[in-house]
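Engineer: File name work11.txt; file contents compact mmCIF, C-alpha atoms; full text below.
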# COMPACT_ATOMS: atom_id res chain seq x y z
CA MET T 1 -2.83 -13.28 12.98
CA LEU T 2 -4.10 -14.78 16.19
CA ILE T 3 -6.66 -12.77 18.12
CA ARG T 4 -8.06 -14.33 21.26
CA ARG T 5 -10.21 -11.54 22.54
CA LEU T 6 -12.01 -8.44 21.30
CA ARG T 7 -12.76 -5.73 23.83
CA VAL T 8 -15.08 -2.76 23.38
CA GLU T 9 -14.76 -0.48 26.38
CA GLY T 10 -16.87 2.55 27.24
CA LEU T 11 -17.60 3.19 23.59
CA ALA T 12 -19.62 6.23 22.52
CA LEU T 13 -20.51 6.77 18.87
CA ALA T 14 -22.14 9.69 17.10
CA ARG T 15 -23.27 10.17 13.50
CA GLY T 16 -23.24 13.87 12.72
CA ASP T 17 -24.73 15.62 15.72
CA ARG T 18 -26.71 12.60 16.89
CA LEU T 19 -25.35 10.50 19.74
CA LEU T 20 -26.06 6.84 18.94
CA PHE T 21 -25.03 5.29 22.24
CA LYS T 22 -22.49 5.74 25.00
CA ASP T 23 -20.75 3.60 27.61
CA LEU T 24 -21.07 0.46 25.53
CA ASN T 25 -19.03 -2.45 26.88
CA LEU T 26 -18.67 -5.70 25.05
CA GLN T 27 -16.25 -8.60 25.18
CA LEU T 28 -15.82 -11.43 22.75
CA ALA T 29 -13.57 -14.33 23.64
CA ALA T 30 -12.28 -17.02 21.30
CA GLY T 31 -15.11 -19.33 20.26
CA GLN T 32 -17.84 -16.88 21.21
CA ALA T 33 -20.63 -15.40 19.10
CA VAL T 34 -22.70 -12.34 19.94
CA ALA T 35 -25.87 -11.19 18.21
CA LEU T 36 -26.28 -7.42 18.17
CA ARG T 37 -29.89 -6.39 18.42
CA GLY T 38 -31.64 -3.07 18.33
CA ARG T 39 -34.19 -1.12 16.38
CA ASN T 40 -33.40 0.40 12.97
CA GLY T 41 -30.94 3.24 13.34
CA ALA T 42 -29.81 2.23 16.83
CA GLY T 43 -26.20 2.07 15.66
CA LYS T 44 -25.54 -1.63 14.99
CA THR T 45 -23.85 -0.99 11.66
CA SER T 46 -21.93 1.96 13.11
CA LEU T 47 -20.65 -0.21 15.95
CA LEU T 48 -19.40 -2.83 13.48
CA ARG T 49 -17.71 -0.10 11.40
CA ALA T 50 -16.15 1.41 14.51
CA ILE T 51 -14.69 -1.97 15.44
CA ALA T 52 -13.37 -2.28 11.89
CA GLY T 53 -11.69 1.11 12.40
CA PHE T 54 -13.73 3.16 9.90
CA ILE T 55 -15.57 5.34 12.42
CA ARG T 56 -13.67 7.14 15.14
CA PRO T 57 -15.46 6.85 18.49
CA LEU T 58 -16.35 9.90 20.56
CA ALA T 59 -15.07 8.11 23.63
CA GLY T 60 -13.86 4.67 24.65
CA GLU T 61 -11.79 2.21 22.68
CA VAL T 62 -11.74 -1.00 20.70
CA ALA T 63 -8.88 -3.32 21.59
CA PHE T 64 -7.67 -6.68 20.34
CA ASP T 65 -5.79 -9.17 22.51
CA GLY T 66 -3.59 -11.86 21.06
CA GLU T 67 -1.98 -14.86 22.69
CA GLY T 68 0.60 -12.80 24.53
CA GLY T 69 -1.23 -9.56 25.26
CA PRO T 70 -2.66 -6.64 23.30
CA VAL T 71 -2.19 -6.52 19.52
CA GLU T 72 -1.87 -3.22 17.70
CA ALA T 73 -5.34 -2.35 16.38
CA ASP T 74 -4.28 -1.47 12.81
CA GLU T 75 -2.39 -4.71 12.43
CA ALA T 76 -5.23 -6.74 13.92
CA ARG T 77 -7.69 -5.18 11.48
CA ALA T 78 -5.45 -5.61 8.44
CA LEU T 79 -4.88 -9.30 9.03
CA GLY T 80 -7.49 -10.55 11.48
CA VAL T 81 -10.89 -8.98 10.74
CA HIS T 82 -13.56 -9.79 8.15
CA LEU T 83 -16.37 -7.29 7.68
CA THR T 84 -19.40 -7.91 5.49
CA GLY T 85 -21.95 -5.18 5.05
CA HIS T 86 -25.05 -4.38 3.02
CA HIS T 87 -22.92 -3.89 -0.07
CA ASP T 88 -21.08 -6.95 -1.26
CA GLY T 89 -18.24 -5.10 -3.00
CA LEU T 90 -18.64 -7.04 -6.26
CA LYS T 91 -18.18 -5.46 -9.68
CA PRO T 92 -21.21 -6.08 -11.93
CA GLY T 93 -19.22 -6.47 -15.15
CA ARG T 94 -16.84 -9.16 -13.93
CA LEU T 95 -17.23 -12.91 -13.67
CA ALA T 96 -18.25 -14.29 -10.29
CA ARG T 97 -15.07 -16.39 -10.25
CA GLU T 98 -12.80 -13.38 -10.79
CA GLU T 99 -14.48 -11.34 -8.09
CA PHE T 100 -14.53 -14.20 -5.57
CA MET T 101 -10.87 -15.00 -6.21
CA PHE T 102 -9.84 -11.36 -5.86
CA GLN T 103 -11.73 -10.89 -2.60
CA ALA T 104 -10.48 -14.15 -1.10
CA ARG T 105 -6.84 -13.68 -2.15
CA TRP T 106 -6.84 -10.06 -1.03
CA CYS T 107 -7.87 -11.28 2.42
CA GLY T 108 -5.06 -13.83 2.35
CA ALA T 109 -6.72 -17.04 1.15
CA ASP T 110 -4.81 -19.89 -0.48
CA ALA T 111 -6.09 -22.29 -3.14
CA ALA T 112 -7.21 -24.89 -0.60
CA GLY T 113 -9.18 -22.27 1.31
CA MET T 114 -10.94 -21.08 -1.83
CA ALA T 115 -11.85 -24.63 -2.81
CA ARG T 116 -13.21 -25.22 0.70
CA ALA T 117 -15.33 -22.07 0.54
CA ALA T 118 -16.67 -22.87 -2.92
CA GLU T 119 -17.71 -26.27 -1.69
CA ALA T 120 -19.29 -25.04 1.55
CA LEU T 121 -21.41 -22.32 -0.06
CA ASP T 122 -22.06 -24.08 -3.35
CA LEU T 123 -20.32 -21.36 -5.36
CA GLU T 124 -19.04 -23.50 -8.22
CA ARG T 125 -22.27 -23.15 -10.17
CA LEU T 126 -22.11 -19.34 -10.00
CA PHE T 127 -18.49 -18.98 -11.11
CA GLY T 128 -19.13 -18.82 -14.86
CA LEU T 129 -21.75 -16.06 -14.56
CA GLU T 130 -21.32 -12.31 -14.61
CA VAL T 131 -21.99 -10.70 -11.25
CA ARG T 132 -24.73 -8.54 -12.80
CA LYS T 133 -26.72 -11.70 -13.56
CA LEU T 134 -26.65 -12.98 -9.97
CA SER T 135 -29.52 -12.55 -7.52
CA ALA T 136 -28.99 -10.70 -4.24
CA GLY T 137 -28.73 -14.01 -2.38
CA GLN T 138 -26.18 -15.40 -4.83
CA ARG T 139 -24.10 -12.24 -4.53
CA ARG T 140 -24.18 -12.49 -0.76
CA ARG T 141 -22.99 -16.10 -0.93
CA LEU T 142 -20.10 -15.01 -3.12
CA ALA T 143 -19.17 -12.25 -0.66
CA LEU T 144 -19.48 -14.57 2.35
CA GLY T 145 -17.21 -17.01 0.54
CA ARG T 146 -14.12 -14.97 1.43
CA LEU T 147 -14.86 -15.55 5.13
CA ALA T 148 -14.62 -19.28 4.65
CA ALA T 149 -11.67 -19.01 2.24
CA ALA T 150 -9.34 -16.73 4.22
CA ARG T 151 -8.96 -17.52 7.90
CA ARG T 152 -9.36 -14.40 9.98
CA PRO T 153 -10.45 -14.77 13.60
CA VAL T 154 -12.90 -11.87 13.91
CA TRP T 155 -16.05 -11.89 11.79
CA LEU T 156 -18.12 -8.70 11.81
CA LEU T 157 -21.38 -9.45 10.00
CA ASP T 158 -24.06 -6.92 9.15
CA GLU T 159 -27.35 -8.73 8.42
CA PRO T 160 -25.53 -11.59 6.69
CA PHE T 161 -28.63 -13.73 6.31
CA ALA T 162 -31.06 -11.16 4.90
CA PRO T 163 -30.97 -12.23 1.22
CA LEU T 164 -30.12 -15.93 1.76
CA ASP T 165 -32.57 -18.80 1.26
CA ALA T 166 -33.20 -21.46 3.93
CA GLU T 167 -30.68 -23.95 2.55
CA HIS T 168 -27.85 -21.44 2.40
CA ARG T 169 -28.71 -19.98 5.79
CA ALA T 170 -28.13 -23.48 7.15
CA ARG T 171 -24.90 -23.86 5.18
CA PHE T 172 -23.55 -20.53 6.41
CA GLY T 173 -24.69 -21.46 9.93
CA ASP T 174 -22.49 -24.56 9.67
CA LEU T 175 -19.57 -22.38 8.59
CA MET T 176 -20.13 -20.10 11.58
CA ASN T 177 -20.13 -23.09 13.93
CA ALA T 178 -16.93 -24.40 12.38
CA HIS T 179 -15.35 -20.95 12.75
CA LEU T 180 -16.26 -20.82 16.45
CA ALA T 181 -14.99 -24.34 17.00
CA GLU T 182 -11.60 -23.21 15.64
CA GLY T 183 -11.49 -20.39 18.17
CA GLY T 184 -12.97 -17.66 16.00
CA MET T 185 -15.25 -14.83 17.11
CA ILE T 186 -18.48 -13.61 15.51
CA LEU T 187 -20.28 -10.34 16.07
CA ALA T 188 -23.43 -10.17 13.96
CA ALA T 189 -26.04 -7.44 13.65
CA VAL T 190 -29.31 -9.31 13.09
CA HIS T 191 -33.06 -8.96 13.48
CA ASP T 192 -33.86 -12.67 13.30
CA PRO T 193 -32.31 -15.16 15.74
CA LEU T 194 -28.91 -16.52 14.67
CA PRO T 195 -28.91 -20.21 13.70
CA ILE T 196 -26.05 -20.82 16.16
CA ALA T 197 -25.64 -20.55 19.91
CA ALA T 198 -24.95 -16.89 20.62
CA ASP T 199 -25.21 -14.34 23.39
CA SER T 200 -27.32 -11.32 22.70
CA VAL T 201 -26.45 -7.65 23.22
CA GLU T 202 -29.06 -4.94 22.89
CA ILE T 203 -27.96 -1.65 21.37
CA ALA T 204 -30.29 0.95 22.85
CA GLY T 205 -30.19 4.15 20.85
CA MET J 1 0.93 -14.02 -5.03
CA ASN J 2 1.44 -10.97 -2.93
CA ALA J 3 -1.18 -8.33 -2.25
CA LEU J 4 0.43 -5.65 -4.44
CA ALA J 5 0.31 -7.85 -7.50
CA ILE J 6 -3.22 -9.07 -6.76
CA LEU J 7 -4.54 -5.52 -6.53
CA PHE J 8 -2.57 -4.28 -9.54
CA ARG J 9 -3.92 -7.04 -11.75
CA ARG J 10 -7.46 -6.43 -10.58
CA GLU J 11 -7.17 -2.71 -11.33
CA LEU J 12 -5.86 -3.38 -14.84
CA ALA J 13 -8.65 -5.89 -15.46
CA LEU J 14 -11.25 -3.41 -14.24
CA ALA J 15 -9.85 -0.62 -16.43
CA TRP J 16 -9.74 -2.73 -19.58
CA GLY J 17 -12.85 -4.73 -18.82
CA ARG J 18 -16.38 -3.78 -19.73
CA GLY J 19 -16.59 -0.05 -20.33
CA GLY J 20 -13.16 0.17 -21.93
CA GLY J 21 -12.12 3.34 -20.06
CA PRO J 22 -8.78 3.75 -21.87
CA LEU J 23 -10.45 3.47 -25.28
CA VAL J 24 -12.96 6.17 -24.34
CA ALA J 25 -10.10 8.43 -23.24
CA LEU J 26 -8.25 7.77 -26.51
CA ALA J 27 -11.34 8.47 -28.59
CA PHE J 28 -11.89 11.68 -26.66
CA TYR J 29 -8.29 12.67 -27.29
CA ALA J 30 -8.65 11.99 -31.01
CA CYS J 31 -11.85 14.07 -31.15
CA VAL J 32 -10.29 17.08 -29.40
CA ALA J 33 -7.22 16.89 -31.64
CA ALA J 34 -9.42 16.64 -34.73
CA LEU J 35 -11.59 19.58 -33.70
CA LEU J 36 -8.67 21.96 -33.28
CA PRO J 37 -7.98 22.51 -37.02
CA LEU J 38 -11.70 23.02 -37.54
CA SER J 39 -11.91 25.73 -34.90
CA ALA J 40 -8.52 27.40 -35.40
CA GLY J 41 -8.55 27.26 -39.19
CA ALA J 42 -6.51 24.87 -41.30
CA VAL J 43 -3.50 27.11 -41.82
CA PRO J 44 -0.54 24.73 -41.47
CA GLN J 45 1.93 27.31 -40.12
CA ARG J 46 -0.46 28.51 -37.46
CA LEU J 47 -1.37 24.94 -36.42
CA ALA J 48 2.26 23.81 -36.33
CA ALA J 49 3.11 26.62 -33.95
CA VAL J 50 0.55 25.52 -31.36
CA ALA J 51 0.67 21.77 -32.04
CA PRO J 52 2.77 20.71 -29.00
CA GLY J 53 0.74 22.89 -26.65
CA ALA J 54 -2.55 21.74 -28.10
CA ALA J 55 -1.52 18.09 -27.83
CA TRP J 56 -0.69 18.65 -24.16
CA LEU J 57 -3.98 20.36 -23.46
CA ALA J 58 -5.88 17.48 -25.04
CA LEU J 59 -3.74 15.04 -23.05
CA ALA J 60 -4.62 16.72 -19.76
CA LEU J 61 -8.35 16.71 -20.55
CA SER J 62 -8.33 13.08 -21.69
CA SER J 63 -6.47 12.01 -18.56
CA LEU J 64 -9.12 13.69 -16.47
CA LEU J 65 -11.90 11.76 -18.15
CA SER J 66 -11.37 8.37 -16.54
CA LEU J 67 -10.00 9.63 -13.22
CA GLU J 68 -13.41 10.44 -11.82
CA ARG J 69 -14.25 6.77 -11.26
CA LEU J 70 -10.92 5.81 -9.72
CA PHE J 71 -12.29 5.44 -6.17
CA GLU J 72 -15.96 6.08 -6.76
CA ARG J 73 -16.88 2.62 -8.04
CA ASP J 74 -15.21 0.92 -5.07
CA TYR J 75 -16.84 3.37 -2.71
CA GLU J 76 -20.33 2.85 -4.09
CA ASP J 77 -20.30 -0.94 -4.16
CA GLY J 78 -18.58 -1.45 -0.81
CA ALA J 79 -15.28 -2.72 -2.20
CA LEU J 80 -13.46 0.20 -0.57
CA ASP J 81 -14.33 -1.34 2.84
CA LEU J 82 -12.64 -4.52 1.70
CA LEU J 83 -9.60 -2.65 0.37
CA ALA J 84 -9.29 -0.70 3.63
CA LEU J 85 -9.36 -3.94 5.67
CA GLY J 86 -6.76 -5.58 3.46
CA PRO J 87 -3.13 -6.41 4.11
CA LEU J 88 -1.81 -3.14 2.60
CA PRO J 89 -1.98 0.30 4.19
CA LEU J 90 -4.54 2.46 2.41
CA GLU J 91 -1.69 4.68 1.17
CA ALA J 92 -0.13 1.77 -0.70
CA THR J 93 -3.53 0.71 -2.04
CA ALA J 94 -4.13 4.22 -3.40
CA ALA J 95 -0.65 4.29 -4.97
CA ILE J 96 -1.25 0.96 -6.70
CA LYS J 97 -4.57 2.17 -8.06
CA CYS J 98 -2.88 5.27 -9.52
CA LEU J 99 -0.03 3.23 -10.98
CA ALA J 100 -2.55 0.94 -12.65
CA GLN J 101 -4.38 4.01 -13.95
CA TRP J 102 -1.09 5.25 -15.41
CA VAL J 103 -0.32 1.94 -17.11
CA SER J 104 -3.85 1.31 -18.39
CA THR J 105 -4.75 4.85 -19.51
CA GLY J 106 -1.62 7.03 -19.31
CA LEU J 107 0.51 4.74 -21.45
CA PRO J 108 -1.93 4.51 -24.41
CA LEU J 109 -2.47 8.27 -24.22
CA ALA J 110 1.30 8.86 -24.17
CA LEU J 111 1.68 6.65 -27.25
CA PHE J 112 -1.01 8.64 -29.00
CA THR J 113 0.34 12.10 -28.07
CA PRO J 114 3.19 12.17 -30.67
CA VAL J 115 0.68 10.98 -33.29
CA ALA J 116 -1.69 13.82 -32.47
CA ALA J 117 1.09 16.40 -32.26
CA THR J 118 2.58 15.31 -35.59
CA ALA J 119 -0.84 15.23 -37.23
CA LEU J 120 -1.35 18.83 -36.11
CA GLY J 121 1.92 19.77 -37.79
CA ALA J 122 4.63 19.41 -35.16
CA GLU J 123 8.02 18.45 -36.59
CA PRO J 124 8.82 14.72 -36.52
CA ARG J 125 12.06 15.36 -34.59
CA LEU J 126 9.88 16.31 -31.59
CA ILE J 127 8.36 12.80 -31.42
CA PRO J 128 10.73 11.20 -28.85
CA LEU J 129 10.52 14.10 -26.43
CA THR J 130 6.75 14.35 -26.91
CA PHE J 131 6.35 10.72 -25.91
CA VAL J 132 8.67 10.89 -22.90
CA ALA J 133 7.09 14.09 -21.62
CA ALA J 134 3.56 12.71 -22.09
CA LEU J 135 4.46 9.50 -20.28
CA LEU J 136 5.96 11.42 -17.38
CA GLY J 137 3.06 13.85 -17.36
CA GLY J 138 0.60 10.95 -17.30
CA LEU J 139 2.19 9.73 -14.07
CA GLY J 140 1.69 13.13 -12.49
CA PHE J 141 -1.87 13.37 -13.83
CA ALA J 142 -2.75 9.98 -12.32
CA PHE J 143 -1.41 10.75 -8.83
CA VAL J 144 -2.68 14.34 -8.67
CA GLY J 145 -5.99 13.36 -10.25
CA GLY J 146 -6.35 10.57 -7.70
CA ILE J 147 -6.39 13.19 -4.95
CA GLY J 148 -9.32 14.93 -6.63
CA ALA J 149 -11.10 11.62 -7.16
CA ALA J 150 -10.70 10.67 -3.49
CA LEU J 151 -11.75 14.11 -2.24
CA SER J 152 -14.94 14.07 -4.26
CA LEU J 153 -16.09 10.69 -2.86
CA GLY J 154 -19.65 10.68 -1.69
CA SER J 155 -20.54 14.02 -3.21
CA ARG J 156 -23.19 14.42 -5.84
CA ARG J 157 -21.83 15.65 -9.18
CA GLY J 158 -18.48 14.16 -8.27
CA GLY J 159 -17.24 14.45 -11.85
CA VAL J 160 -17.55 18.22 -11.95
CA LEU J 161 -15.93 18.47 -8.54
CA VAL J 162 -12.97 16.35 -9.68
CA ALA J 163 -12.44 18.64 -12.66
CA VAL J 164 -12.62 21.78 -10.51
CA ILE J 165 -10.19 20.40 -7.94
CA VAL J 166 -7.77 18.83 -10.36
CA LEU J 167 -7.50 21.13 -13.38
CA PRO J 168 -5.63 23.90 -11.50
CA LEU J 169 -3.21 21.25 -10.25
CA PHE J 170 -2.70 20.10 -13.84
CA ALA J 171 -1.39 23.55 -14.80
CA PRO J 172 2.28 23.03 -13.77
CA PRO J 173 2.84 19.80 -15.75
CA VAL J 174 1.13 21.34 -18.77
CA ILE J 175 3.41 24.39 -18.53
CA PHE J 176 6.58 22.33 -18.03
CA GLY J 177 5.73 19.65 -20.59
CA ALA J 178 4.54 21.94 -23.36
CA GLY J 179 7.36 24.37 -22.47
CA ALA J 180 10.02 21.70 -22.99
CA LEU J 181 8.54 20.88 -26.41
CA ASP J 182 8.37 24.55 -27.38
CA ALA J 183 11.98 24.98 -26.33
CA LEU J 184 13.10 22.04 -28.46
CA ALA J 185 11.06 23.28 -31.42
CA GLY J 186 12.62 26.75 -31.06
CA GLY J 187 16.15 25.38 -30.73
CA LEU J 188 16.48 26.24 -27.04
CA ASN J 189 17.53 24.07 -24.10
CA TRP J 190 14.61 21.76 -23.33
CA THR J 191 16.07 19.91 -20.32
CA PRO J 192 14.92 22.34 -17.60
CA GLY J 193 11.28 21.89 -18.63
CA LEU J 194 11.55 18.11 -18.59
CA LEU J 195 13.38 18.13 -15.25
CA LEU J 196 10.76 20.37 -13.71
CA LEU J 197 8.07 18.03 -15.07
CA GLY J 198 9.92 15.07 -13.54
CA GLY J 199 10.19 16.88 -10.22
CA TYR J 200 6.49 17.66 -10.20
CA CYS J 201 5.65 14.02 -10.91
CA LEU J 202 7.98 12.71 -8.22
CA GLY J 203 6.37 15.08 -5.74
CA ALA J 204 2.91 13.89 -6.78
CA VAL J 205 3.92 10.22 -6.45
CA ALA J 206 5.49 10.82 -3.04
CA LEU J 207 2.75 12.93 -1.48
CA GLY J 208 -0.41 12.01 -3.39
CA PRO J 209 -1.02 8.61 -1.74
CA PHE J 210 -1.15 10.18 1.73
CA ALA J 211 -3.74 12.71 0.64
CA MET J 212 -5.77 10.03 -1.15
CA ALA J 213 -5.72 7.68 1.84
CA ALA J 214 -6.80 10.47 4.20
CA ALA J 215 -9.65 11.45 1.87
CA CYS J 216 -10.77 7.81 1.57
CA ARG J 217 -10.75 7.34 5.34
CA ASN J 218 -12.83 10.46 5.65
CA ALA J 219 -15.34 9.15 3.12
CA LEU J 220 -15.55 5.76 4.85
CA SER J 221 -16.25 7.17 8.30
Please, can you express the file's structure as structure tokens?
Structural biologist:
Amino acid sequence: MLIRRLRVEGLALARGDRLLFKDLNLQLAAGQAVALRGRNGAGKTSLLRAIAGFIRPLAGEVAFDGEGGPVEADEARALGVHLTGHHDGLKPGRLAREEFMFQARWCGADAAGMARAAEALDLERLFGLEVRKLSAGQRRRLALGRLAAARRPVWLLDEPFAPLDAEHRARFGDLMNAHLAEGGMILAAVHDPLPIAADSVEIAG
Amino acid sequence: MNALAILFRRELALAWGRGGGPLVALAFYACVAALLPLSAGAVPQRLAAVAPGAAWLALALSSLLSLERLFERDYEDGALDLLALGPLPLEATAAIKCLAQWVSTGLPLALFTPVAATALGAEPRLIPLTFVAALLGGLGFAFVGGIGAALSLGSRRGGVLVAVIVLPLFAPPVIFGAGALDALAGGLNWTPGLLLLGGYCLGAVALGPFAMAAACRNALS
């Protein structure tokens, strides 16, 4: 699935009765990264979930453009979007290897991709452990592994760095740079500056 | 490996992994079946008369036991986001989850149903039909129960809610399944009951995934 541009046009989102923001416009082109900023509760997570198709906007639209024009949104999301949130989606009772392999394969990764991801995020040492025994940072690395393993052009990241230590922030920063160099797009909700060159968009609630 | 197989294998591994859901359901079934003679009195003739019906009642309750967590675990730990962004439509994902529930829990329960019915005094000649009806019923229980499990996502006391939503919907298969067995035991034609049970299950398999997917989308938004 090739997506060359992500467009958010005139978007308005509400949670319950509360209007989060309206008239939000945002464009991401291939190779571009944008850091979403804003105070707690401004709607950064909601914006990411709206782009992923989970939240229906009050107004406006999210559109994906491929090589030859617009791509149907459902198809683009099913094959071209990675979303990582506060919850890593890992089952505590299973081995780290099993959970990583399920997540990566489900997103369409092949064996080479999984090996590449394990190498890049230093996952090999975690594989023999049960997920319940991993720290928050180790779990996050496991969940971020699927991004490196399965190539999908749009990365929607919600505070990806929060539990990571300095070394692994740098390693994931390298992965983000490599993703952009291949023509990928990154939209990340963050409070700290991203370790890569990125534009900044303020979400004003 | 394609996405259907990847998800199906994961669901089976989760069901049989730590927690042993199917074993808990089987143990529950055995307990209910063992309690019946204690409460109804150990008069063989009286027990034999209600054995098929009692086995079906216990089957419905045991099936309910592990349904509650069908979507809830994935919802709580964020895996439902991942499943919704996967290569399959959410309807297909829900159907696979129910099929895996049927194979992992429904099949062992169906194997145990003739044992329980016979132990309660049902005639051995009822065994084949008891197994077939329980297997078919388990399919319906999984797909109808999945609707309840998806609808209760995000609510506190989800387990109670699942039971309240689902138990009325379990009434038709219990009537048809136990009815077919009663008919066979009484020397009547048992095929209409089994056919009605099959029709109910086909309807549940055809329509259930759409309801489950809609309820999941609602919970995710």
Engineer: Can you tell me, as a list in words, what residues are no more than 8 Å from Ile196 in chain T when counting only C-alpha atoms, ignoring any on the same chain fewer than 2 positions away?
Structural biologist: Gly173, Met176, Asn177, Leu194 and Ala198 of chain T
Engineer: Residues within 9 Å of Ala136 in chain T, please, as an MDAnalysis selection string. Count all atoms listed in the file; anything in the same chain fewer than 5 positions from it doesn't count.
Structural biologist: chainID T and resid 141 163:164
Engineer: Work out how far apart CA of Val32 in chain J and CA of Leu188 in chain J are and give it in Å to one decimal.
Structural biologist: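 CA of Leu188 in chain J lies at a distance of 28.4 Å from CA of Val32 in chain J.
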Engineer: Mind giving me the straight-line distance from CA of Phe28 in chain J to CA of Ala134 in chain J in Å, one decimal?
Structural biologist: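 Pair CA of Phe28 in chain J / CA of Ala134 in chain J returns 16.1 Å.
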Engineer: Between CA of Arg125 in chain J and CA of Leu23 in chain J, what is the spacing in Å?
Structural biologist: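 About the pair CA of Leu23 in chain J and CA of Arg125 in chain J: they are 27.1 Å apart.
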Engineer: Mind checking which residues fall within 9 Å of Cys216 in chain J, counting only C-alpha atoms, ignoring those fewer than 6 positions away in the same chain, and posting them as number ranges by chain?
Structural biologist: J: 71, 75, 80, 84, 90, 150-151, 153
Engineer: Now that the selection is made, can you save its residues with C-alpha atoms as a PDB file, keeping the file's coordinate frame?
Structural biologist:
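To be explicit, this is the file written out as out_14.pdb:
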ATOM      1  CA  PHE J  71     -12.290   5.440  -6.170  1.00  0.00           C
ATOM      2  CA  TYR J  75     -16.840   3.370  -2.710  1.00  0.00           C
ATOM      3  CA  LEU J  80     -13.460   0.200  -0.570  1.00  0.00           C
ATOM      4  CA  ALA J  84      -9.290  -0.700   3.630  1.00  0.00           C
ATOM      5  CA  LEU J  90      -4.540   2.460   2.410  1.00  0.00           C
ATOM      6  CA  ALA J 150     -10.700  10.670  -3.490  1.00  0.00           C
ATOM      7  CA  LEU J 151     -11.750  14.110  -2.240  1.00  0.00           C
ATOM      8  CA  LEU J 153     -16.090  10.690  -2.860  1.00  0.00           C
TER       9      LEU J 153
END
Engineer: Counting all atoms listed in the file, find the residues whose atoms lie at most 12 Å from (-8.5, -3.1, 3.2) (file coordinates) and write them out as a PyMOL selection string.
Structural biologist: (chain T and resi 52-54+74-83+89+103+105-108) or (chain J and resi 3+7+74+78-94+213+216-217+220)
Engineer: Show me, as a list in words, the residues that have an atom within 8 Å of range 165-176 of chain J when counting all atoms listed in the file, minus same-chain residues fewer than 2 positions from it.
Structural biologist: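 Neighbouring residues, sequence-local ones excluded: Trp56, Leu57, Ala60, Gly137, Gly140, Phe141, Val144, Gly145, Ile147, Gly148, Leu161, Val162, Ala163, Ala178, Gly179, Ala180, Gly193, Leu194, Leu196, Leu197 and Tyr200 of chain J.
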Engineer: Set the distance at 12 Å and use only C-alpha atoms: which residues neighbour Ala119 in chain J once local chain neighbours fewer than 3 positions away are removed? I'd like the list as a compact mmCIF listing (two decimals) with C-alpha atoms, in the coordinates of the input.
Structural biologist:
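And here is the file that came out, selection-v1.txt:
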# COMPACT_ATOMS: atom_id res chain seq x y z
CA ALA J 30 -8.65 11.99 -31.01
CA ALA J 33 -7.22 16.89 -31.64
CA ALA J 34 -9.42 16.64 -34.73
CA LEU J 36 -8.67 21.96 -33.28
CA PRO J 37 -7.98 22.51 -37.02
CA ALA J 42 -6.51 24.87 -41.30
CA PRO J 44 -0.54 24.73 -41.47
CA LEU J 47 -1.37 24.94 -36.42
CA ALA J 48 2.26 23.81 -36.33
CA VAL J 50 0.55 25.52 -31.36
CA ALA J 51 0.67 21.77 -32.04
CA PRO J 52 2.77 20.71 -29.00
CA ALA J 54 -2.55 21.74 -28.10
CA ALA J 55 -1.52 18.09 -27.83
CA PHE J 112 -1.01 8.64 -29.00
CA THR J 113 0.34 12.10 -28.07
CA PRO J 114 3.19 12.17 -30.67
CA VAL J 115 0.68 10.98 -33.29
CA ALA J 116 -1.69 13.82 -32.47
CA ALA J 122 4.63 19.41 -35.16
CA GLU J 123 8.02 18.45 -36.59
CA PRO J 124 8.82 14.72 -36.52
CA ILE J 127 8.36 12.80 -31.42
Engineer: Give the answer as one residue: which of T:Asp23, T:Glu61, T:Glu9, T:Asp88 has the shortest atom-to-atom distance to chain J, using all atoms listed in the file?
Structural biologist: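 Under the stated criterion, the closest residue is T:Asp88.
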Engineer: Counting all atoms listed in the file, find residues at most 12 Å from (-18.2, -13.2, -0.8) (file frame) and give them as a ChimeraX atom specification.
Structural biologist: /T:82-91,96-107,114,117-118,121-123,126-127,131,136-150,157,160,172 /J:78-79,82
Engineer: Between J:Val103, J:Leu38, J:Ala219, J:Leu59, which residue has the minimum interatomic distance to chain T, considering only C-alpha atoms?
Structural biologist: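 Between J:Val103, J:Leu38, J:Ala219, J:Leu59, the residue approaching chain T most closely is J:Ala219.
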Engineer: Can you work out which one of T:His179, T:Arg125, T:Arg132, T:Arg116 has the shortest atom-to-atom distance to chain J, counting only C-alpha atoms?
Structural biologist: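 Looking only at the distances to chain J, the closest residue turns out to be T:Arg132.
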Engineer: Considering only C-alpha atoms, state which residue in the set T:Glu202, T:Ala109, T:Ala120, T:Arg4 is at the smallest distance from Gly69 in chain T.
Structural biologist: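 For Gly69 in chain T, the nearest of the candidates is T:Arg4.
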Engineer: Missing atoms in range 104-108 of chain T should be modelled up to N, CA and C atoms and reported as a short mmCIF file (atom, residue, chain, number, x, y, z; two decimals), in the frame of the given file.
Structural biologist:
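Below is the file result19.cif, written as the result:
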data_model
loop_
_atom_site.label_atom_id
_atom_site.label_comp_id
_atom_site.auth_asym_id
_atom_site.auth_seq_id
_atom_site.Cartn_x
_atom_site.Cartn_y
_atom_site.Cartn_z
N ALA T 104 -11.06 -13.14 -1.99
CA ALA T 104 -10.48 -14.15 -1.10
C ALA T 104 -8.96 -13.99 -1.00
N ARG T 105 -8.31 -13.82 -2.16
CA ARG T 105 -6.84 -13.68 -2.15
C ARG T 105 -6.41 -12.41 -1.44
N TRP T 106 -7.15 -11.35 -1.67
CA TRP T 106 -6.84 -10.06 -1.03
C TRP T 106 -6.86 -10.22 0.49
N CYS T 107 -7.77 -11.05 0.98
CA CYS T 107 -7.87 -11.28 2.42
C CYS T 107 -6.86 -12.34 2.88
N GLY T 108 -6.11 -12.91 1.96
CA GLY T 108 -5.06 -13.83 2.35
C GLY T 108 -5.36 -15.30 2.16
#
